[in-house]
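In what follows, a structure is listed as structure tokens, so that the remarks can point back to it.
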Amino acid sequence: MVGIVTQLLMGSVWAEPLPPSQPLYVSESDIRRTIEASWEIFEPCEALVETGNTPEPLTVSFVIEGDGLVSSAELTSPLGLTSEYASCLVQHVSTIIFPEHWENPIALRYVFNWGTQGLIKYPRVPLPQRLSLPLGLSFFGISTEELYDLLFEGDEANGNVE
Amino acid sequence: MCKVSLLLFFIVLNGCALLQSQVELNSADRVMEMSSWSVEAEGSFSTQIFGRDVPTNDTQITLIGELRESPRSLNRDDTETWLLEYRGFLQGENTDSLGPSDLTGRALTIRRFPGKQVLEIHGGSHLIGFAENDEQAVQTQRLGDVFDLLLAIVNPAAPALDVDEVRLKMIRWPFSAERGRNLRSYANVTWTHLAHEDGLIRMSYRGGISGQGRDSLWNAEIAVSGEASGEVWLDEITGEVRGHEFDWVRVLDYRFSNTNGRISQRQQFTGEAQWLE
């Protein structure tokens, strides 16, 4: 009897869903920072750059799942390149662990160009959670993603973050 | 002892279940019948982003459709639950550019005391966001949270007044999308009974809008202000809204955690609702 009641009480406590604590989505700078923080994993690839004639930049397309893991990655530019260097990049991108984010996979491209910062192209697949403006706000010419970056990346861009 | 405990346990459990349960839709002293209204609303939106040097566009959206309210349950606490369906909605920048709205076919439930203000809504999450993408946002924004005032337009809960009598009474419409995402707006208006003619009571109202909300997805706190005015025509027997012309201005101020960026949007809504059946 005590067990049943305890179970029911616990059930009622645990039945309350907790508010989401993950970010709305992983921003461009989040992804850039994560890749840069993982830069050492590409060291084996750098060695291959020195020994081969590798064109730059190389574009790798990959998908980040909600748990932050990369589910697929492939070289998309230049097409048909099969160098060890390119294979190495693709292989190591797959091992990066990104921040967890809201429910849907993020598909994106990252341009690797040694010596310069990579350039992220935004996903082309709309993600429902990212397509919701703040509640009550009507569209005013800035996409949801742009607004998010504008608000939360703006402090850094404007020098407001120490 | 164990059997007695179990019996008591199930009596308590059954009692709790009864308290939460619903009863028949119509009782001897109350009849809940379906109603529908044609609604037309024009919204003009002017937005400012503070702390960022970014230009924003003023936008206009016209929304036309049918709101159908049908009874769902009469609750043990004497409140009623109604289903509000969005039927045949069109939207566009103006009446010449109307296209299908993704609001069509969506619905939420409203709980209220008979003839009183909306206490709470459920299902608002289906009425927000974008249908396809946000590159054509004026066409694809679902707008249920922006035009949430339509909930109040068909549920203004006007007070019972004699002709020429004046009284202060609040219109409230607590929009909620999901846990942690809500927008509670109130219009604290003064009602005036203008006339009583052809079986209809004609009343006007005017007053200030206030309220607050939050959006946990954006870590945003929302402050609501503004002004509301309009005229309603009520059935003299049922008190139900037969017509409603409105001119409301709402200002939403958004403050976000961990950023100095702020957004303010002035929303002006004009339009009308006409009872269909």
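All residue names refer to the structure tokens as shown: chains lettered A, B, ... in order, residues numbered from 1 in each chain, ligands numbered from 1 in order.
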
Distance-based interface of chain B with chain A, 6 Å, counting only C-alpha atoms, as number ranges by chain
B: 57, 129-130, 134, 145-146, 217, 261

Take the residues from that selection and write them out as a PDB file, in the first residue's frame, keeping N, CA and C atoms.
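For reference, out_4.pdb as written:
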```pdb
ATOM      1  N   ASN B  57      11.219  46.417 -41.162  1.00  0.00           N
ATOM      2  CA  ASN B  57      10.120  46.784 -42.064  1.00  0.00           C
ATOM      3  C   ASN B  57       8.819  46.918 -41.288  1.00  0.00           C
ATOM      4  N   GLY B 129       4.039  29.998 -35.228  1.00  0.00           N
ATOM      5  CA  GLY B 129       5.139  29.535 -36.070  1.00  0.00           C
ATOM      6  C   GLY B 129       4.862  29.792 -37.536  1.00  0.00           C
ATOM      7  N   PHE B 130       5.644  29.118 -38.359  1.00  0.00           N
ATOM      8  CA  PHE B 130       5.535  29.310 -39.795  1.00  0.00           C
ATOM      9  C   PHE B 130       5.136  28.005 -40.464  1.00  0.00           C
ATOM     10  N   ASP B 134      10.382  30.946 -43.316  1.00  0.00           N
ATOM     11  CA  ASP B 134      10.193  32.331 -42.901  1.00  0.00           C
ATOM     12  C   ASP B 134      10.756  33.324 -43.911  1.00  0.00           C
ATOM     13  N   ASP B 145      -0.944  33.690 -32.415  1.00  0.00           N
ATOM     14  CA  ASP B 145      -0.513  34.424 -31.228  1.00  0.00           C
ATOM     15  C   ASP B 145      -0.520  35.932 -31.465  1.00  0.00           C
ATOM     16  N   VAL B 146      -0.350  36.338 -32.712  1.00  0.00           N
ATOM     17  CA  VAL B 146      -0.362  37.769 -33.023  1.00  0.00           C
ATOM     18  C   VAL B 146      -1.801  38.295 -33.015  1.00  0.00           C
ATOM     19  N   LEU B 217      11.513  29.803 -24.823  1.00  0.00           N
ATOM     20  CA  LEU B 217      12.389  29.416 -25.929  1.00  0.00           C
ATOM     21  C   LEU B 217      13.377  30.525 -26.250  1.00  0.00           C
ATOM     22  N   GLY B 261      19.934  43.467 -26.222  1.00  0.00           N
ATOM     23  CA  GLY B 261      18.992  43.744 -27.306  1.00  0.00           C
ATOM     24  C   GLY B 261      17.548  43.710 -26.802  1.00  0.00           C
TER      25      GLY B 261
END
```

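Those residues that approach Trp39 of chain A to within 10 Å, counting only C-alpha atoms, are Arg33, Thr34, Ile35, Glu43, His92, Val93 and Ile96 of chain A; same-chain residues fewer than 4 positions away are not listed.
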
Can you tell me, as number ranges by chain, what residues are no more than 7 Å from segment 243-252 of chain B when counting only C-alpha atoms, ignoring any on the same chain fewer than 3 positions away?
B: 153, 209, 222-233, 264-275

Can you pull out every residue within 9 Å of Leu90 of chain B, counting only C-alpha atoms, but drop anything in the same chain fewer than 2 positions away, and send it as a list of chain:residue names?
B:Thr62, B:Leu63, B:Ile64, B:Gly65, B:Gly88, B:Gly92, B:Leu98, B:Gly99, B:Pro100, B:Ser101, B:Asp102, B:Leu103, B:Thr104

Okay, now the selection with N, CA and C atoms, as a PDB file, in the first residue's frame?
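So the final result, stored in again.pdb, reads:
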```
ATOM      1  N   THR B  62      -3.725  41.288 -43.328  1.00  0.00           N
ATOM      2  CA  THR B  62      -5.182  41.168 -43.216  1.00  0.00           C
ATOM      3  C   THR B  62      -5.528  39.692 -43.041  1.00  0.00           C
ATOM      4  N   LEU B  63      -6.403  39.442 -42.115  1.00  0.00           N
ATOM      5  CA  LEU B  63      -6.797  38.071 -41.795  1.00  0.00           C
ATOM      6  C   LEU B  63      -8.318  37.983 -41.866  1.00  0.00           C
ATOM      7  N   ILE B  64      -8.813  37.038 -42.644  1.00  0.00           N
ATOM      8  CA  ILE B  64     -10.255  36.865 -42.803  1.00  0.00           C
ATOM      9  C   ILE B  64     -10.597  35.386 -42.637  1.00  0.00           C
ATOM     10  N   GLY B  65     -11.668  35.103 -41.935  1.00  0.00           N
ATOM     11  CA  GLY B  65     -12.058  33.705 -41.795  1.00  0.00           C
ATOM     12  C   GLY B  65     -13.280  33.548 -40.917  1.00  0.00           C
ATOM     13  N   GLY B  88     -11.612  28.198 -42.874  1.00  0.00           N
ATOM     14  CA  GLY B  88     -11.559  28.978 -44.111  1.00  0.00           C
ATOM     15  C   GLY B  88     -10.803  30.289 -44.001  1.00  0.00           C
ATOM     16  N   GLY B  92      -3.077  37.872 -46.015  1.00  0.00           N
ATOM     17  CA  GLY B  92      -2.232  38.530 -47.005  1.00  0.00           C
ATOM     18  C   GLY B  92      -1.908  39.933 -46.529  1.00  0.00           C
ATOM     19  N   LEU B  98      -5.001  38.246 -50.743  1.00  0.00           N
ATOM     20  CA  LEU B  98      -5.285  37.190 -49.763  1.00  0.00           C
ATOM     21  C   LEU B  98      -5.024  35.803 -50.348  1.00  0.00           C
ATOM     22  N   GLY B  99      -4.428  34.957 -49.543  1.00  0.00           N
ATOM     23  CA  GLY B  99      -4.206  33.568 -49.919  1.00  0.00           C
ATOM     24  C   GLY B  99      -4.560  32.684 -48.737  1.00  0.00           C
ATOM     25  N   PRO B 100      -4.556  31.374 -48.949  1.00  0.00           N
ATOM     26  CA  PRO B 100      -4.913  30.467 -47.848  1.00  0.00           C
ATOM     27  C   PRO B 100      -4.007  30.661 -46.638  1.00  0.00           C
ATOM     28  N   SER B 101      -4.609  30.621 -45.482  1.00  0.00           N
ATOM     29  CA  SER B 101      -3.846  30.751 -44.244  1.00  0.00           C
ATOM     30  C   SER B 101      -3.692  29.377 -43.606  1.00  0.00           C
ATOM     31  N   ASP B 102      -2.523  29.138 -43.037  1.00  0.00           N
ATOM     32  CA  ASP B 102      -2.289  27.862 -42.364  1.00  0.00           C
ATOM     33  C   ASP B 102      -3.031  27.758 -41.027  1.00  0.00           C
ATOM     34  N   LEU B 103      -3.743  28.823 -40.674  1.00  0.00           N
ATOM     35  CA  LEU B 103      -4.596  28.737 -39.481  1.00  0.00           C
ATOM     36  C   LEU B 103      -5.800  27.835 -39.741  1.00  0.00           C
ATOM     37  N   THR B 104      -6.167  27.735 -41.010  1.00  0.00           N
ATOM     38  CA  THR B 104      -7.357  26.960 -41.370  1.00  0.00           C
ATOM     39  C   THR B 104      -7.243  25.518 -40.892  1.00  0.00           C
TER      40      THR B 104
END
```

Selection: 7 Å around Leu58 of chain A, only C-alpha atoms, excl. self and same-chain fewer than 3 positions, as a CSV table (one decimal) with N, CA and C atoms, in the first residue's frame:
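What ended up in result-v9.csv:
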```csv
chain,number,residue,atom,x,y,z
A,77,SER,N,32.3,19.8,-52.0
A,77,SER,CA,33.0,20.6,-53.0
A,77,SER,C,34.5,20.6,-52.7
A,78,PRO,N,35.4,20.4,-53.6
A,78,PRO,CA,35.1,20.1,-55.0
A,78,PRO,C,34.6,18.7,-55.2
A,111,VAL,N,33.1,25.3,-44.7
A,111,VAL,CA,34.2,25.5,-45.7
A,111,VAL,C,35.5,25.5,-44.9
A,112,PHE,N,36.3,24.5,-45.2
A,112,PHE,CA,37.7,24.4,-44.6
A,112,PHE,C,38.7,25.1,-45.5
A,113,ASN,N,39.4,26.0,-44.9
A,113,ASN,CA,40.4,26.7,-45.6
A,113,ASN,C,41.5,27.0,-44.6
```

Quick one: everything within 8 Å of Ile128 of chain B, counting only C-alpha atoms, minus sequence neighbours fewer than 3 positions away in the same chain. Send it as an MDAnalysis selection string.
(chainID A and resid 132 135) or (chainID B and resid 124:125 141:145 177)

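Of the listed residues A:Ile41, A:Ile31, A:Ala47, A:Ala107, the one whose atoms come nearest to Tyr85 of chain A is A:Ala47, with distances taken using only C-alpha atoms.
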
Do you know which residues are at most 8 Å from Arg214 of chain B counting only C-alpha atoms, after dropping those on the same chain fewer than 4 positions away, and could you put them as a PyMOL selection string?
(chain A and resi 135) or (chain B and resi 180-183+219-222)

As an MDAnalysis selection string, please: every residue in segment 117-247 of chain B that a backbone DSSP assignment puts in strand (DSSP E).
chainID B and resid 118:122 166:178 181:197 200:215 220:235 241:247

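Atom pair atom CA of Gly115 of chain B / atom CA of Glu40 of chain B: separated by 22.6 Å.
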
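Closest approach to Ser38 of chain A among A:Ser94, A:Thr82, A:Ser87, A:Thr76: A:Ser94, based on only C-alpha atoms.
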